[in-house]
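Trainee: Got a structure for you, questions after.
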Amino acid sequence: MDNILNILRQKNFVTKKKFGQNFITDANLLSAIADDSGITKGDVVVEIGPGAGTLTRALAQKADFVYAFEIDETLEPVLGETVGDLDNVKVIFKDILKVKPDELMGVVSKPFKVVANLPYYITSPVLFYFLENEFPLLSLTVMVQREVALRMIAEHNTPDYGVLSLAVQSRANAEITRYVSRKLFHPEPNVDSAVVKLTLNDGIPNRAVFDKLVRCAFACRRKTLVNNLMQSMGISREAAEELLSKAGLDVKIRGEALSKEQFLTLSEFLK
Ligand code: SAM
């Protein structure tokens, strides 16, 4: 395949900021992401935002089939050039966030893995689209902004720990597989990136209570958990303190000091 910048030029394609189009220009990075995702023959892959199709091509070399959802129809001539010859790739020109879960399963119809260099402006909505719906999803390997990646994998008692960390880690085991310099993209974004691999786990009981409790605990990060519980859940100080004592927690503890397991214990009592 010709150099991707040449292909973009030949097809008169100008990248669009509004769609978060920062394309990978480094061939080693493409195969590294495909390796990180652990996909092998037999795997069905859903890619979000194939862009110029370079990652799509690297994935198609390893996977059984790749379904690639792209919002920007003007990429059609570029994608025709880069992946048009592959019979195990189907590009679907749709906004992934407007594809209903049933519709996606109608297309994919098998357990699948997500791999994507995500458009930064919709990182969280795309993550939650896949994590919150009941898909037969095996793993997600996504390139995101470095800061977001650090929040996704953060442990309690660290500044990056918060709602996103717990939302992710209560559904999946999360690891950063590599850090990526902004210099490896066209155009160059003003942030560095990281690849995060999420391997779905069994999830948790009491999802609704757990999520509510987590949002409440981080509603005001500087406040103690008792104060946040009083304010966000409208319970008395006595009731909040009793709850924490039952769960074996110090009444002065802040949300950021609670591990996922402690949030789970507390949500059991709160239920
Ligand atoms: N995969 C390519 C790569 O790694 O070089 C392109 C990645 S680029 C960061 C993000 C891609 O997602 C762009 O092609 C953009 O047009 C596409 N995109 C943006 N919003 C989307 C959406 N809601 N649904 C599907 N694709 C979207």
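Ligands are numbered from 1 in the order shown, chains are lettered A, B, ... in the order of the structure tokens, and residues start at 1 in each chain.
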With a distance cut-off of 12 Å and only C-alpha atoms, select the neighbouring residues of range 73-81 of chain A, excluding the residue or stretch itself and same-chain residues fewer than 4 positions from it, and output the selection as an MDAnalysis selection string.
Mentor: chainID A and resid 1:16 19 21 49:57 68:69 85:87 89:95
Trainee: Using DSSP on the backbone coordinates, identify the residues of range 36-239 of chain A assigned to alpha helix (DSSP H); present them as a PyMOL selection string.
Mentor: chain A and resi 36-37+54-62+76-83+101-108+123-132+146-153+163-169+207-217+225-233+237-239
Trainee: Leaving out Tyr179 in chain A and any residue of its chain fewer than 3 positions from it, which residues lie within 8 Å of it when counting only C-alpha atoms, given as a ChimeraX atom specification?
Mentor: /A:146,176,192-195
Trainee: Mind running range 169-219 of chain A against range 36-40 of chain A at 9 Å and telling me each contacting residue's nearest atom pair with the distance in Å (one decimal), counting only C-alpha atoms, chain and number ascending, as JSON lines?
Mentor:
```
{"residue": "A:Thr177", "atom": "CA", "partner": "A:Asp36", "partner_atom": "CA", "distance": 6.6}
{"residue": "A:Arg178", "atom": "CA", "partner": "A:Asp36", "partner_atom": "CA", "distance": 8.6}
{"residue": "A:Val195", "atom": "CA", "partner": "A:Asp36", "partner_atom": "CA", "distance": 8.3}
{"residue": "A:Val196", "atom": "CA", "partner": "A:Asp36", "partner_atom": "CA", "distance": 8.9}
{"residue": "A:Lys197", "atom": "CA", "partner": "A:Ser37", "partner_atom": "CA", "distance": 6.9}
```
Trainee: Take the residues that were just selected and, keeping N, CA, C and O atoms, output them as an mmCIF file, in the first residue's frame.
Mentor:
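Listing of result-v7.cif after writing:
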```cif
data_model
loop_
_atom_site.group_PDB
_atom_site.id
_atom_site.type_symbol
_atom_site.label_atom_id
_atom_site.label_comp_id
_atom_site.auth_asym_id
_atom_site.auth_seq_id
_atom_site.Cartn_x
_atom_site.Cartn_y
_atom_site.Cartn_z
ATOM 1 N N THR A 177 -1.407 -0.716 27.492
ATOM 2 C CA THR A 177 -0.434 -1.573 26.801
ATOM 3 C C THR A 177 0.708 -0.762 26.204
ATOM 4 O O THR A 177 1.779 -1.291 25.988
ATOM 5 N N ARG A 178 0.474 0.521 25.893
ATOM 6 C CA ARG A 178 1.570 1.375 25.411
ATOM 7 C C ARG A 178 1.186 2.855 25.443
ATOM 8 O O ARG A 178 0.010 3.197 25.353
ATOM 9 N N VAL A 195 -2.687 3.364 24.605
ATOM 10 C CA VAL A 195 -3.586 2.274 24.230
ATOM 11 C C VAL A 195 -3.996 1.551 25.513
ATOM 12 O O VAL A 195 -3.146 1.196 26.329
ATOM 13 N N VAL A 196 -5.305 1.390 25.678
ATOM 14 C CA VAL A 196 -5.821 0.697 26.863
ATOM 15 C C VAL A 196 -6.531 -0.564 26.402
ATOM 16 O O VAL A 196 -7.324 -0.518 25.459
ATOM 17 N N LYS A 197 -6.231 -1.658 27.087
ATOM 18 C CA LYS A 197 -6.953 -2.892 26.777
ATOM 19 C C LYS A 197 -7.874 -3.241 27.949
ATOM 20 O O LYS A 197 -7.422 -3.346 29.091
#
```
Trainee: Record the distance separating CA of Val168 in chain A and CA of Pro101 in chain A, expressed in Å with one decimal.
Mentor: 19.3 Å
Trainee: Among the residues of range 40-267 of chain A, find those DSSP assigns to strand (DSSP E) from the backbone and print them as a PyMOL selection string.
Mentor: chain A and resi 44-48+65-69+89-92+112-117+137-145+172-180+185-186+193-200
Trainee: Near Ser259 in chain A, within 10 Å and counting only C-alpha atoms, which residues show up once chain neighbours fewer than 6 positions away are dropped, as an mmCIF file with N, CA and C atoms, in the first residue's frame?
Mentor:
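Result file is out-v2.cif:
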```cif
data_model
loop_
_atom_site.group_PDB
_atom_site.id
_atom_site.type_symbol
_atom_site.label_atom_id
_atom_site.label_comp_id
_atom_site.auth_asym_id
_atom_site.auth_seq_id
_atom_site.Cartn_x
_atom_site.Cartn_y
_atom_site.Cartn_z
ATOM 1 N N GLU A 155 -5.923 3.632 40.499
ATOM 2 C CA GLU A 155 -6.281 2.935 41.735
ATOM 3 C C GLU A 155 -6.694 3.963 42.793
ATOM 4 N N HIS A 156 -7.378 3.490 43.842
ATOM 5 C CA HIS A 156 -7.823 4.425 44.883
ATOM 6 C C HIS A 156 -6.627 5.121 45.546
ATOM 7 N N ASN A 157 -6.900 6.262 46.147
ATOM 8 C CA ASN A 157 -5.864 7.100 46.770
ATOM 9 C C ASN A 157 -4.885 7.693 45.777
ATOM 10 N N TYR A 161 -8.001 8.801 40.177
ATOM 11 C CA TYR A 161 -9.088 7.873 40.520
ATOM 12 C C TYR A 161 -10.422 8.608 40.607
ATOM 13 N N LEU A 166 -13.886 3.686 38.213
ATOM 14 C CA LEU A 166 -14.778 2.683 38.792
ATOM 15 C C LEU A 166 -15.777 2.151 37.770
ATOM 16 N N THR A 265 -18.970 -3.309 48.935
ATOM 17 C CA THR A 265 -19.487 -3.630 50.271
ATOM 18 C C THR A 265 -20.521 -2.597 50.693
#
```
Trainee: Can you work out the spacing between CA of Ala58 in chain A and CA of Phe130 in chain A in Å, to one decimal?
Mentor: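 Computing the Euclidean distance for CA of Ala58 in chain A and CA of Phe130 in chain A yields 22.2 Å.
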Trainee: Measuring atom to atom with only C-alpha atoms, identify which of A:Leu243, A:Tyr121, A:Lys183, A:Phe135 is nearest to Gly106 in chain A.
Mentor: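 Closest to Gly106 in chain A, using only C-alpha atoms: A:Phe135.
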Trainee: Identify which of the residues A:Arg207, A:Gly255, A:Val83, A:Glu242 lies closest to Asn228 in chain A, counting only C-alpha atoms when measuring atom-to-atom distances.
Mentor: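 Among A:Arg207, A:Gly255, A:Val83, A:Glu242, it is A:Gly255 that comes nearest to Asn228 in chain A.
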Trainee: Report as a PyMOL selection string all protein, DNA and RNA residues lying within 8 Å of range 198-200 of chain A, evaluated on only C-alpha atoms, omitting residues in the same chain fewer than 5 positions from it.
Mentor: chain A and resi 137-141+171-175
Trainee: Could the residues in this selection be saved with C-alpha atoms as a JSON list (two decimals), in the first residue's frame?
Mentor:
```json
[["chain", "number", "residue", "atom", "x", "y", "z"],
["A", 137, "LEU", "CA", -18.28, -8.23, 23.99],
["A", 138, "LEU", "CA", -14.96, -9.97, 24.75],
["A", 139, "SER", "CA", -12.52, -7.07, 24.93],
["A", 140, "LEU", "CA", -11.98, -3.44, 23.95],
["A", 141, "THR", "CA", -8.59, -2.17, 22.86],
["A", 171, "ARG", "CA", -16.83, -4.14, 34.24],
["A", 172, "ALA", "CA", -13.36, -4.99, 32.98],
["A", 173, "ASN", "CA", -9.74, -5.58, 33.85],
["A", 174, "ALA", "CA", -7.94, -2.56, 32.47],
["A", 175, "GLU", "CA", -4.29, -2.18, 31.45]]
```
Trainee: I'd like the neighbourhood of Gly42 in chain A as number ranges by chain, where a residue qualifies if any of its atoms comes within 10 Å (using only C-alpha atoms), though same-chain residues fewer than 4 positions away should be ignored.
Mentor: A: 62-65, 112
Trainee: Include C-alpha atoms and write out the residues we just selected as a short mmCIF file (atom, residue, chain, number, x, y, z; two decimals), in the first residue's frame.
Mentor:
```cif
data_model
loop_
_atom_site.label_atom_id
_atom_site.label_comp_id
_atom_site.auth_asym_id
_atom_site.auth_seq_id
_atom_site.Cartn_x
_atom_site.Cartn_y
_atom_site.Cartn_z
CA LYS A 62 -5.13 -11.01 11.95
CA ALA A 63 -8.91 -11.35 12.37
CA ASP A 64 -11.62 -13.40 10.78
CA PHE A 65 -13.73 -10.36 9.93
CA PHE A 112 -16.81 -9.65 19.13
#
```
Trainee: Range 24-26 of chain A: which residues within 7 Å, counting only C-alpha atoms, same-chain residues fewer than 6 positions away excluded, as a PyMOL selection string?
Mentor: chain A and resi 4+184-186
Trainee: So, with only C-alpha atoms as the atoms that count, which of A:Phe23, A:Glu47, A:Asn28, A:Val66 lies closest to Arg182 in chain A?
Mentor: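 For Arg182 in chain A, the nearest of the candidates is A:Phe23.
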Trainee: Work out how far apart CA of Val142 in chain A and atom 9 (C, counted along the ligand's line) of ligand 1 are and give it in Å to one decimal.
Mentor: 10.4 Å
